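Asker: I'm passing along protein_8.tsv; it holds TSV, C-alpha atoms and all ligand atoms.
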chain	number	residue	atom	x	y	z
A	1	MET	CA	-9.66	-2.53	8.59
A	2	SER	CA	-12.63	-1.23	6.67
A	3	ILE	CA	-15.20	-2.32	4.15
A	4	MET	CA	-14.87	-0.47	0.87
A	5	LYS	CA	-17.51	0.61	-1.63
A	6	ILE	CA	-17.63	-1.56	-4.76
A	7	LEU	CA	-18.07	0.24	-8.10
A	8	LYS	CA	-21.13	-0.97	-10.05
A	9	TYR	CA	-21.58	-1.41	-13.80
A	10	PRO	CA	-21.80	0.79	-15.88
A	11	ASP	CA	-19.49	3.03	-13.82
A	12	PRO	CA	-16.80	4.14	-16.32
A	13	ARG	CA	-14.07	3.78	-13.67
A	14	LEU	CA	-14.45	-0.01	-14.06
A	15	ARG	CA	-12.90	0.46	-17.53
A	16	THR	CA	-9.61	1.83	-16.15
A	17	VAL	CA	-6.52	-0.22	-16.97
A	18	ALA	CA	-4.60	-0.92	-13.74
A	19	GLU	CA	-0.92	-0.06	-13.28
A	20	VAL	CA	1.85	-2.40	-12.20
A	21	VAL	CA	2.62	-2.29	-8.45
A	22	THR	CA	6.15	-1.06	-7.72
A	23	LYS	CA	5.94	-0.07	-4.01
A	24	PHE	CA	5.64	-2.90	-1.50
A	25	ASP	CA	4.82	-0.81	1.54
A	26	LYS	CA	2.33	-0.75	4.43
A	27	SER	CA	-0.34	0.90	2.28
A	28	LEU	CA	-0.31	-2.08	-0.12
A	29	ASP	CA	-0.64	-4.43	2.86
A	30	ASN	CA	-3.51	-2.33	4.30
A	31	LEU	CA	-5.34	-2.14	0.95
A	32	SER	CA	-5.15	-5.91	0.41
A	33	LYS	CA	-6.56	-6.49	3.92
A	34	ASP	CA	-9.41	-4.04	3.31
A	35	MET	CA	-10.14	-5.75	-0.01
A	36	LEU	CA	-10.29	-9.16	1.69
A	37	GLU	CA	-12.65	-7.77	4.34
A	38	THR	CA	-14.82	-6.25	1.60
A	39	MET	CA	-14.85	-9.51	-0.41
A	40	TYR	CA	-15.89	-11.51	2.67
A	41	ALA	CA	-18.57	-8.94	3.60
A	42	GLU	CA	-20.06	-9.25	0.10
A	43	ASN	CA	-19.72	-13.07	-0.02
A	44	GLY	CA	-17.54	-12.92	-3.13
A	45	ILE	CA	-14.81	-15.39	-4.05
A	46	GLY	CA	-12.58	-12.70	-5.53
A	47	LEU	CA	-12.08	-8.95	-5.78
A	48	ALA	CA	-9.86	-6.81	-8.01
A	49	ALA	CA	-8.51	-3.42	-6.85
A	50	THR	CA	-10.25	-1.85	-9.86
A	51	GLN	CA	-13.62	-2.68	-8.26
A	52	VAL	CA	-12.80	-0.53	-5.21
A	53	ASP	CA	-11.46	2.32	-7.38
A	54	PHE	CA	-7.74	1.56	-6.89
A	55	HIS	CA	-6.17	1.15	-10.30
A	56	ILE	CA	-3.23	-1.08	-9.48
A	57	ARG	CA	-2.57	-4.75	-10.29
A	58	LEU	CA	-3.81	-6.21	-7.00
A	59	VAL	CA	-6.29	-9.09	-6.59
A	60	VAL	CA	-7.64	-11.01	-3.59
A	61	ILE	CA	-9.34	-14.42	-3.78
A	62	ASP	CA	-10.81	-17.02	-1.42
A	63	ILE	CA	-12.50	-20.00	-3.08
A	64	SER	CA	-12.65	-22.10	0.10
A	65	GLU	CA	-16.01	-23.21	1.55
A	66	GLU	CA	-14.91	-22.16	5.03
A	67	ARG	CA	-13.85	-18.66	3.87
A	68	ASP	CA	-10.55	-19.09	5.66
A	69	GLU	CA	-8.00	-19.32	2.81
A	70	PRO	CA	-7.30	-15.72	1.77
A	71	LEU	CA	-5.02	-15.35	-1.26
A	72	ILE	CA	-3.36	-12.12	-2.41
A	73	PHE	CA	-1.92	-11.68	-5.90
A	74	VAL	CA	0.19	-8.67	-6.85
A	75	ASN	CA	1.05	-8.14	-10.54
A	76	PRO	CA	-0.53	-11.47	-11.58
A	77	ILE	CA	0.31	-12.74	-15.06
A	78	VAL	CA	-1.46	-15.68	-16.71
A	79	LYS	CA	0.09	-17.69	-19.50
A	80	VAL	CA	-2.17	-20.15	-21.32
A	81	LEU	CA	-0.46	-23.57	-21.45
A	82	ASP	CA	-3.06	-25.33	-23.59
A	83	ASN	CA	-5.39	-23.39	-25.90
A	84	LYS	CA	-7.59	-26.45	-26.41
A	85	SER	CA	-8.48	-27.16	-22.80
A	86	LEU	CA	-11.40	-24.76	-22.34
A	87	VAL	CA	-13.96	-24.96	-19.54
A	88	PRO	CA	-17.29	-23.10	-19.35
A	89	CYS	CA	-18.41	-21.55	-16.05
A	90	GLU	CA	-21.44	-19.50	-14.98
A	91	GLU	CA	-19.75	-16.42	-13.60
A	92	GLY	CA	-21.10	-13.73	-11.30
A	93	CYS	CA	-19.56	-10.35	-10.48
A	94	LEU	CA	-19.89	-8.11	-7.43
A	95	SER	CA	-19.84	-5.11	-9.81
A	96	ILE	CA	-22.82	-6.47	-11.79
A	97	PRO	CA	-25.27	-7.67	-9.13
A	98	GLY	CA	-27.77	-10.27	-10.31
A	99	ALA	CA	-26.01	-11.07	-13.57
A	100	SER	CA	-24.85	-14.56	-14.45
A	101	VAL	CA	-22.82	-15.01	-17.61
A	102	GLU	CA	-21.37	-18.20	-19.05
A	103	VAL	CA	-17.73	-17.65	-19.95
A	104	THR	CA	-15.45	-20.27	-21.49
A	105	ARG	CA	-11.84	-19.91	-20.42
A	106	PRO	CA	-8.58	-21.89	-20.61
A	107	ASP	CA	-8.19	-24.37	-17.74
A	108	LYS	CA	-4.47	-25.11	-18.11
A	109	ILE	CA	-2.66	-21.92	-17.17
A	110	GLN	CA	0.57	-20.83	-15.56
A	111	LEU	CA	0.22	-18.06	-12.97
A	112	ASN	CA	3.08	-15.82	-11.91
A	113	TRP	CA	2.62	-13.21	-9.21
A	114	LEU	CA	4.22	-11.36	-6.30
A	115	ASP	CA	3.13	-11.36	-2.65
A	116	VAL	CA	2.72	-8.13	-0.63
A	117	LYS	CA	6.42	-8.24	0.23
A	118	GLY	CA	7.42	-8.42	-3.44
A	119	ASN	CA	8.52	-12.08	-3.45
A	120	GLU	CA	7.90	-14.03	-6.68
A	121	HIS	CA	5.57	-17.04	-6.93
A	122	GLU	CA	4.45	-19.45	-9.64
A	123	ASP	CA	1.65	-22.02	-9.77
A	124	ASN	CA	-0.56	-23.90	-12.24
A	125	PRO	CA	-4.09	-23.35	-10.90
A	126	GLN	CA	-7.04	-25.26	-12.35
A	127	GLY	CA	-10.79	-25.36	-11.81
A	128	LEU	CA	-12.47	-22.50	-9.91
A	129	LEU	CA	-9.19	-20.82	-8.95
A	130	ALA	CA	-8.15	-20.69	-12.62
A	131	VAL	CA	-11.56	-19.24	-13.55
A	132	CYS	CA	-11.49	-16.67	-10.74
A	133	ILE	CA	-7.96	-15.38	-11.36
A	134	GLN	CA	-8.77	-14.89	-15.04
A	135	HIS	CA	-12.00	-13.04	-14.09
A	136	GLU	CA	-9.97	-10.76	-11.78
A	137	ILE	CA	-7.24	-10.12	-14.37
A	138	ASP	CA	-10.02	-9.10	-16.77
A	139	HIS	CA	-11.03	-6.42	-14.20
A	140	LEU	CA	-7.43	-5.15	-14.06
A	141	GLN	CA	-7.63	-4.69	-17.82
A	142	GLY	CA	-10.98	-2.90	-17.64
A	143	LYS	CA	-12.85	-5.91	-18.99
A	144	LEU	CA	-16.22	-7.02	-17.58
A	145	LEU	CA	-18.51	-10.06	-17.85
A	146	VAL	CA	-20.89	-8.06	-20.06
A	147	ASP	CA	-18.16	-7.97	-22.72
A	148	TYR	CA	-18.69	-11.71	-23.23
A	149	LEU	CA	-22.41	-11.23	-24.02
A	150	SER	CA	-23.99	-10.70	-27.42
A	151	PRO	CA	-24.76	-7.01	-28.14
A	152	LEU	CA	-28.49	-7.60	-27.56
A	153	LYS	CA	-28.03	-9.33	-24.21
A	154	ARG	CA	-25.52	-6.67	-23.16
A	155	ALA	CA	-27.96	-3.87	-24.02
A	156	ARG	CA	-30.71	-5.57	-22.00
A	157	LEU	CA	-28.42	-5.97	-19.00
A	158	LYS	CA	-27.31	-2.34	-19.22
A	159	SER	CA	-30.87	-1.00	-19.26
A	160	LYS	CA	-31.65	-3.21	-16.27
A	161	ALA	CA	-28.55	-1.90	-14.44
A	162	THR	CA	-29.39	1.78	-15.12
A	163	LYS	CA	-33.17	1.73	-14.58
A	201	LIG	O1	-17.98	-13.72	-6.24
A	201	LIG	C1	-17.69	-14.01	-7.41
A	201	LIG	N1	-18.05	-15.21	-7.90
A	201	LIG	C2	-17.58	-15.71	-9.10
A	201	LIG	C3	-18.21	-16.86	-9.61
A	201	LIG	C4	-17.77	-17.43	-10.78
A	201	LIG	C5	-16.70	-16.87	-11.46
A	201	LIG	C6	-16.09	-15.73	-10.98
A	201	LIG	C7	-16.53	-15.15	-9.80
A	201	LIG	S1	-15.73	-13.75	-9.19
A	201	LIG	C8	-17.00	-13.00	-8.26
A	201	LIG	C9	-16.47	-11.84	-7.45
A	201	LIG	C10	-16.05	-10.73	-8.40
A	201	LIG	O2	-16.82	-10.00	-8.96
A	201	LIG	N2	-14.78	-10.62	-8.62
A	201	LIG	O3	-14.34	-9.69	-9.49
A	202	NI	NI	-15.98	-9.36	-10.89
Do you think you could lay out the structure here as structure tokens?

Answerer:
Amino acid sequence: MSIMKILKYPDPRLRTVAEVVTKFDKSLDNLSKDMLETMYAENGIGLAATQVDFHIRLVVIDISEERDEPLIFVNPIVKVLDNKSLVPCEEGCLSIPGASVEVTRPDKIQLNWLDVKGNEHEDNPQGLLAVCIQHEIDHLQGKLLVDYLSPLKRARLKSKATK
């Protein structure tokens, strides 16, 4: 187990589009464990492989208070079930320390994913889990919280991040 280095905005590697996982081997298991350890060490509720410079569709999440409910999502796919049920949330990101951005996302979604063994799963998460999985899938697509800001606010945040 080891704690990994998290890429920070505006590192261009955060813009990489992740590839679908096809090998369900020990290295996938090891990487997901290292990502969970890294997420816990940084007090995050989620982490995408993109953020630790692995460009595969792998996400870890733990939204529990006790920090004892680790979730691993391989090849997650979200389908919006209701375009009208949108919920705003103040989101943070371990790759953009100090930033807080209000993002409005669908709250009624269907989530399909694989576990580290390659078995299929489906669920309809709501609330914080729905927010977090959509935030992580954004990372897998190279999308960041700053992309939801107005150009002026984004420019201000970038100059703060690079100063
Ligand atoms: O730790 C995190 N908190 C958070 C709060 C609201 C919405 C999304 C998140 S995810 C973030 C960790 C992170 O950067 N994951 O990519
Ligand atoms: Ni993030």

Asker: Here is a test: counting only C-alpha atoms, which residue of A:Ile137, A:Val116, A:Cys89, A:Leu145 is nearest to Glu102 (chain A)?

Answerer: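 Using only C-alpha atoms, Glu102 (chain A) sits closest to A:Cys89.
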
Asker: As a quick test: using all atoms listed in the file, which residues lie no more than 12 Å away from ligand NI 202 (chain A)? Give them as a short mmCIF file (atom, residue, chain, number, x, y, z; two decimals) with C-alpha atoms, keeping the file's coordinate frame.

Answerer:
data_model
loop_
_atom_site.label_atom_id
_atom_site.label_comp_id
_atom_site.auth_asym_id
_atom_site.auth_seq_id
_atom_site.Cartn_x
_atom_site.Cartn_y
_atom_site.Cartn_z
CA ILE A 6 -17.63 -1.56 -4.76
CA LEU A 7 -18.07 0.24 -8.10
CA LYS A 8 -21.13 -0.97 -10.05
CA TYR A 9 -21.58 -1.41 -13.80
CA LEU A 14 -14.45 -0.01 -14.06
CA MET A 39 -14.85 -9.51 -0.41
CA GLU A 42 -20.06 -9.25 0.10
CA GLY A 44 -17.54 -12.92 -3.13
CA ILE A 45 -14.81 -15.39 -4.05
CA GLY A 46 -12.58 -12.70 -5.53
CA LEU A 47 -12.08 -8.95 -5.78
CA ALA A 48 -9.86 -6.81 -8.01
CA ALA A 49 -8.51 -3.42 -6.85
CA THR A 50 -10.25 -1.85 -9.86
CA GLN A 51 -13.62 -2.68 -8.26
CA VAL A 52 -12.80 -0.53 -5.21
CA VAL A 59 -6.29 -9.09 -6.59
CA VAL A 60 -7.64 -11.01 -3.59
CA ILE A 61 -9.34 -14.42 -3.78
CA GLU A 91 -19.75 -16.42 -13.60
CA GLY A 92 -21.10 -13.73 -11.30
CA CYS A 93 -19.56 -10.35 -10.48
CA LEU A 94 -19.89 -8.11 -7.43
CA SER A 95 -19.84 -5.11 -9.81
CA ILE A 96 -22.82 -6.47 -11.79
CA PRO A 97 -25.27 -7.67 -9.13
CA GLY A 98 -27.77 -10.27 -10.31
CA ALA A 99 -26.01 -11.07 -13.57
CA SER A 100 -24.85 -14.56 -14.45
CA VAL A 101 -22.82 -15.01 -17.61
CA VAL A 131 -11.56 -19.24 -13.55
CA CYS A 132 -11.49 -16.67 -10.74
CA ILE A 133 -7.96 -15.38 -11.36
CA GLN A 134 -8.77 -14.89 -15.04
CA HIS A 135 -12.00 -13.04 -14.09
CA GLU A 136 -9.97 -10.76 -11.78
CA ILE A 137 -7.24 -10.12 -14.37
CA ASP A 138 -10.02 -9.10 -16.77
CA HIS A 139 -11.03 -6.42 -14.20
CA LEU A 140 -7.43 -5.15 -14.06
CA GLN A 141 -7.63 -4.69 -17.82
CA GLY A 142 -10.98 -2.90 -17.64
CA LYS A 143 -12.85 -5.91 -18.99
CA LEU A 144 -16.22 -7.02 -17.58
CA LEU A 145 -18.51 -10.06 -17.85
CA VAL A 146 -20.89 -8.06 -20.06
#

Asker: Using only C-alpha atoms and all ligand atoms, which of A:Val74, A:Val80, A:Leu157, A:Met35 sits nearest ligand LIG 201 (chain A)?

Answerer: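 Nearest candidate to ligand LIG 201 (chain A) out of A:Val74, A:Val80, A:Leu157, A:Met35: A:Met35.
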
Asker: Please determine, counting only C-alpha atoms, which residue among A:Ser27, A:Asn43, A:Ser85, A:Thr162 has the shortest atom-to-atom distance to Asp11 (chain A).

Answerer: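 That would be A:Thr162, the residue with the smallest distance to Asp11 (chain A).
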
Asker: Restricting the calculation to only C-alpha atoms, which member of A:Arg13, A:His121, A:Lys23, A:Lys163 is positioned closest to Pro76 (chain A)?

Answerer: A:His121

Asker: Since the input is missing atoms, can you rebuild all heavy atoms for region 9-20 of chain A and write them as a PDB file, keeping the file's coordinate frame?

Answerer:
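Just written: rebuild33.pdb:
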ATOM      1  N   TYR A   9     -21.326  -1.601 -12.368  1.00  0.00           N
ATOM      2  CA  TYR A   9     -21.580  -1.410 -13.800  1.00  0.00           C
ATOM      3  C   TYR A   9     -22.819  -0.547 -13.973  1.00  0.00           C
ATOM      4  O   TYR A   9     -23.798  -0.778 -13.270  1.00  0.00           O
ATOM      5  CB  TYR A   9     -21.790  -2.786 -14.450  1.00  0.00           C
ATOM      6  CG  TYR A   9     -22.181  -2.763 -15.898  1.00  0.00           C
ATOM      7  CD1 TYR A   9     -21.238  -2.507 -16.883  1.00  0.00           C
ATOM      8  CD2 TYR A   9     -23.498  -3.016 -16.277  1.00  0.00           C
ATOM      9  CE1 TYR A   9     -21.598  -2.497 -18.223  1.00  0.00           C
ATOM     10  CE2 TYR A   9     -23.861  -3.007 -17.611  1.00  0.00           C
ATOM     11  CZ  TYR A   9     -22.915  -2.748 -18.577  1.00  0.00           C
ATOM     12  OH  TYR A   9     -23.272  -2.737 -19.897  1.00  0.00           O
ATOM     13  N   PRO A  10     -22.839   0.453 -14.897  1.00  0.00           N
ATOM     14  CA  PRO A  10     -21.800   0.790 -15.880  1.00  0.00           C
ATOM     15  C   PRO A  10     -20.865   1.942 -15.472  1.00  0.00           C
ATOM     16  O   PRO A  10     -20.542   2.782 -16.313  1.00  0.00           O
ATOM     17  CB  PRO A  10     -22.634   1.189 -17.091  1.00  0.00           C
ATOM     18  CG  PRO A  10     -23.853   1.850 -16.499  1.00  0.00           C
ATOM     19  CD  PRO A  10     -24.088   1.194 -15.153  1.00  0.00           C
ATOM     20  N   ASP A  11     -20.436   1.987 -14.236  1.00  0.00           N
ATOM     21  CA  ASP A  11     -19.490   3.030 -13.820  1.00  0.00           C
ATOM     22  C   ASP A  11     -18.245   3.007 -14.724  1.00  0.00           C
ATOM     23  O   ASP A  11     -17.582   1.972 -14.824  1.00  0.00           O
ATOM     24  CB  ASP A  11     -19.077   2.794 -12.361  1.00  0.00           C
ATOM     25  CG  ASP A  11     -18.340   3.979 -11.761  1.00  0.00           C
ATOM     26  OD1 ASP A  11     -17.371   4.462 -12.395  1.00  0.00           O
ATOM     27  OD2 ASP A  11     -18.725   4.435 -10.676  1.00  0.00           O
ATOM     28  N   PRO A  12     -17.926   4.130 -15.374  1.00  0.00           N
ATOM     29  CA  PRO A  12     -16.800   4.140 -16.320  1.00  0.00           C
ATOM     30  C   PRO A  12     -15.451   3.854 -15.674  1.00  0.00           C
ATOM     31  O   PRO A  12     -14.504   3.436 -16.356  1.00  0.00           O
ATOM     32  CB  PRO A  12     -16.830   5.553 -16.917  1.00  0.00           C
ATOM     33  CG  PRO A  12     -17.666   6.361 -16.003  1.00  0.00           C
ATOM     34  CD  PRO A  12     -18.632   5.427 -15.346  1.00  0.00           C
ATOM     35  N   ARG A  13     -15.340   4.041 -14.355  1.00  0.00           N
ATOM     36  CA  ARG A  13     -14.070   3.780 -13.670  1.00  0.00           C
ATOM     37  C   ARG A  13     -13.704   2.291 -13.719  1.00  0.00           C
ATOM     38  O   ARG A  13     -12.523   1.935 -13.597  1.00  0.00           O
ATOM     39  CB  ARG A  13     -14.131   4.267 -12.215  1.00  0.00           C
ATOM     40  CG  ARG A  13     -14.150   5.786 -12.120  1.00  0.00           C
ATOM     41  CD  ARG A  13     -14.412   6.263 -10.715  1.00  0.00           C
ATOM     42  NE  ARG A  13     -15.803   5.989 -10.309  1.00  0.00           N
ATOM     43  CZ  ARG A  13     -16.326   6.343  -9.133  1.00  0.00           C
ATOM     44  NH1 ARG A  13     -15.563   6.962  -8.232  1.00  0.00           N
ATOM     45  NH2 ARG A  13     -17.587   6.082  -8.851  1.00  0.00           N
ATOM     46  N   LEU A  14     -14.726   1.425 -13.919  1.00  0.00           N
ATOM     47  CA  LEU A  14     -14.450  -0.010 -14.060  1.00  0.00           C
ATOM     48  C   LEU A  14     -13.687  -0.323 -15.348  1.00  0.00           C
ATOM     49  O   LEU A  14     -13.203  -1.443 -15.520  1.00  0.00           O
ATOM     50  CB  LEU A  14     -15.767  -0.800 -14.036  1.00  0.00           C
ATOM     51  CG  LEU A  14     -16.442  -0.917 -12.668  1.00  0.00           C
ATOM     52  CD1 LEU A  14     -17.858  -1.446 -12.820  1.00  0.00           C
ATOM     53  CD2 LEU A  14     -15.632  -1.796 -11.730  1.00  0.00           C
ATOM     54  N   ARG A  15     -13.616   0.655 -16.255  1.00  0.00           N
ATOM     55  CA  ARG A  15     -12.900   0.460 -17.530  1.00  0.00           C
ATOM     56  C   ARG A  15     -11.433   0.895 -17.462  1.00  0.00           C
ATOM     57  O   ARG A  15     -10.704   0.820 -18.463  1.00  0.00           O
ATOM     58  CB  ARG A  15     -13.618   1.223 -18.650  1.00  0.00           C
ATOM     59  CG  ARG A  15     -15.042   0.733 -18.919  1.00  0.00           C
ATOM     60  CD  ARG A  15     -15.065  -0.750 -19.172  1.00  0.00           C
ATOM     61  NE  ARG A  15     -16.362  -1.229 -19.678  1.00  0.00           N
ATOM     62  CZ  ARG A  15     -16.541  -2.482 -20.075  1.00  0.00           C
ATOM     63  NH1 ARG A  15     -15.553  -3.360 -20.037  1.00  0.00           N
ATOM     64  NH2 ARG A  15     -17.725  -2.871 -20.501  1.00  0.00           N
ATOM     65  N   THR A  16     -10.993   1.376 -16.308  1.00  0.00           N
ATOM     66  CA  THR A  16      -9.610   1.830 -16.150  1.00  0.00           C
ATOM     67  C   THR A  16      -8.644   0.652 -16.202  1.00  0.00           C
ATOM     68  O   THR A  16      -8.897  -0.385 -15.600  1.00  0.00           O
ATOM     69  CB  THR A  16      -9.456   2.544 -14.791  1.00  0.00           C
ATOM     70  OG1 THR A  16     -10.504   3.501 -14.648  1.00  0.00           O
ATOM     71  CG2 THR A  16      -8.109   3.236 -14.683  1.00  0.00           C
ATOM     72  N   VAL A  17      -7.568   0.806 -16.931  1.00  0.00           N
ATOM     73  CA  VAL A  17      -6.520  -0.220 -16.970  1.00  0.00           C
ATOM     74  C   VAL A  17      -5.572   0.015 -15.784  1.00  0.00           C
ATOM     75  O   VAL A  17      -5.061   1.112 -15.587  1.00  0.00           O
ATOM     76  CB  VAL A  17      -5.736  -0.171 -18.306  1.00  0.00           C
ATOM     77  CG1 VAL A  17      -4.595  -1.176 -18.299  1.00  0.00           C
ATOM     78  CG2 VAL A  17      -6.683  -0.439 -19.481  1.00  0.00           C
ATOM     79  N   ALA A  18      -5.386  -1.033 -14.974  1.00  0.00           N
ATOM     80  CA  ALA A  18      -4.600  -0.920 -13.740  1.00  0.00           C
ATOM     81  C   ALA A  18      -3.102  -0.856 -14.034  1.00  0.00           C
ATOM     82  O   ALA A  18      -2.629  -1.397 -15.036  1.00  0.00           O
ATOM     83  CB  ALA A  18      -4.889  -2.120 -12.844  1.00  0.00           C
ATOM     84  N   GLU A  19      -2.366  -0.200 -13.136  1.00  0.00           N
ATOM     85  CA  GLU A  19      -0.920  -0.060 -13.280  1.00  0.00           C
ATOM     86  C   GLU A  19      -0.174  -1.093 -12.435  1.00  0.00           C
ATOM     87  O   GLU A  19      -0.665  -1.541 -11.398  1.00  0.00           O
ATOM     88  CB  GLU A  19      -0.502   1.356 -12.873  1.00  0.00           C
ATOM     89  CG  GLU A  19      -1.152   2.385 -13.765  1.00  0.00           C
ATOM     90  CD  GLU A  19      -0.468   3.736 -13.739  1.00  0.00           C
ATOM     91  OE1 GLU A  19       0.622   3.843 -13.140  1.00  0.00           O
ATOM     92  OE2 GLU A  19      -1.035   4.665 -14.327  1.00  0.00           O
ATOM     93  N   VAL A  20       0.998  -1.445 -12.907  1.00  0.00           N
ATOM     94  CA  VAL A  20       1.850  -2.400 -12.200  1.00  0.00           C
ATOM     95  C   VAL A  20       2.240  -1.838 -10.835  1.00  0.00           C
ATOM     96  O   VAL A  20       2.523  -0.646 -10.700  1.00  0.00           O
ATOM     97  CB  VAL A  20       3.111  -2.699 -13.057  1.00  0.00           C
ATOM     98  CG1 VAL A  20       4.164  -3.448 -12.270  1.00  0.00           C
ATOM     99  CG2 VAL A  20       2.719  -3.461 -14.311  1.00  0.00           C
TER     100      VAL A  20
END
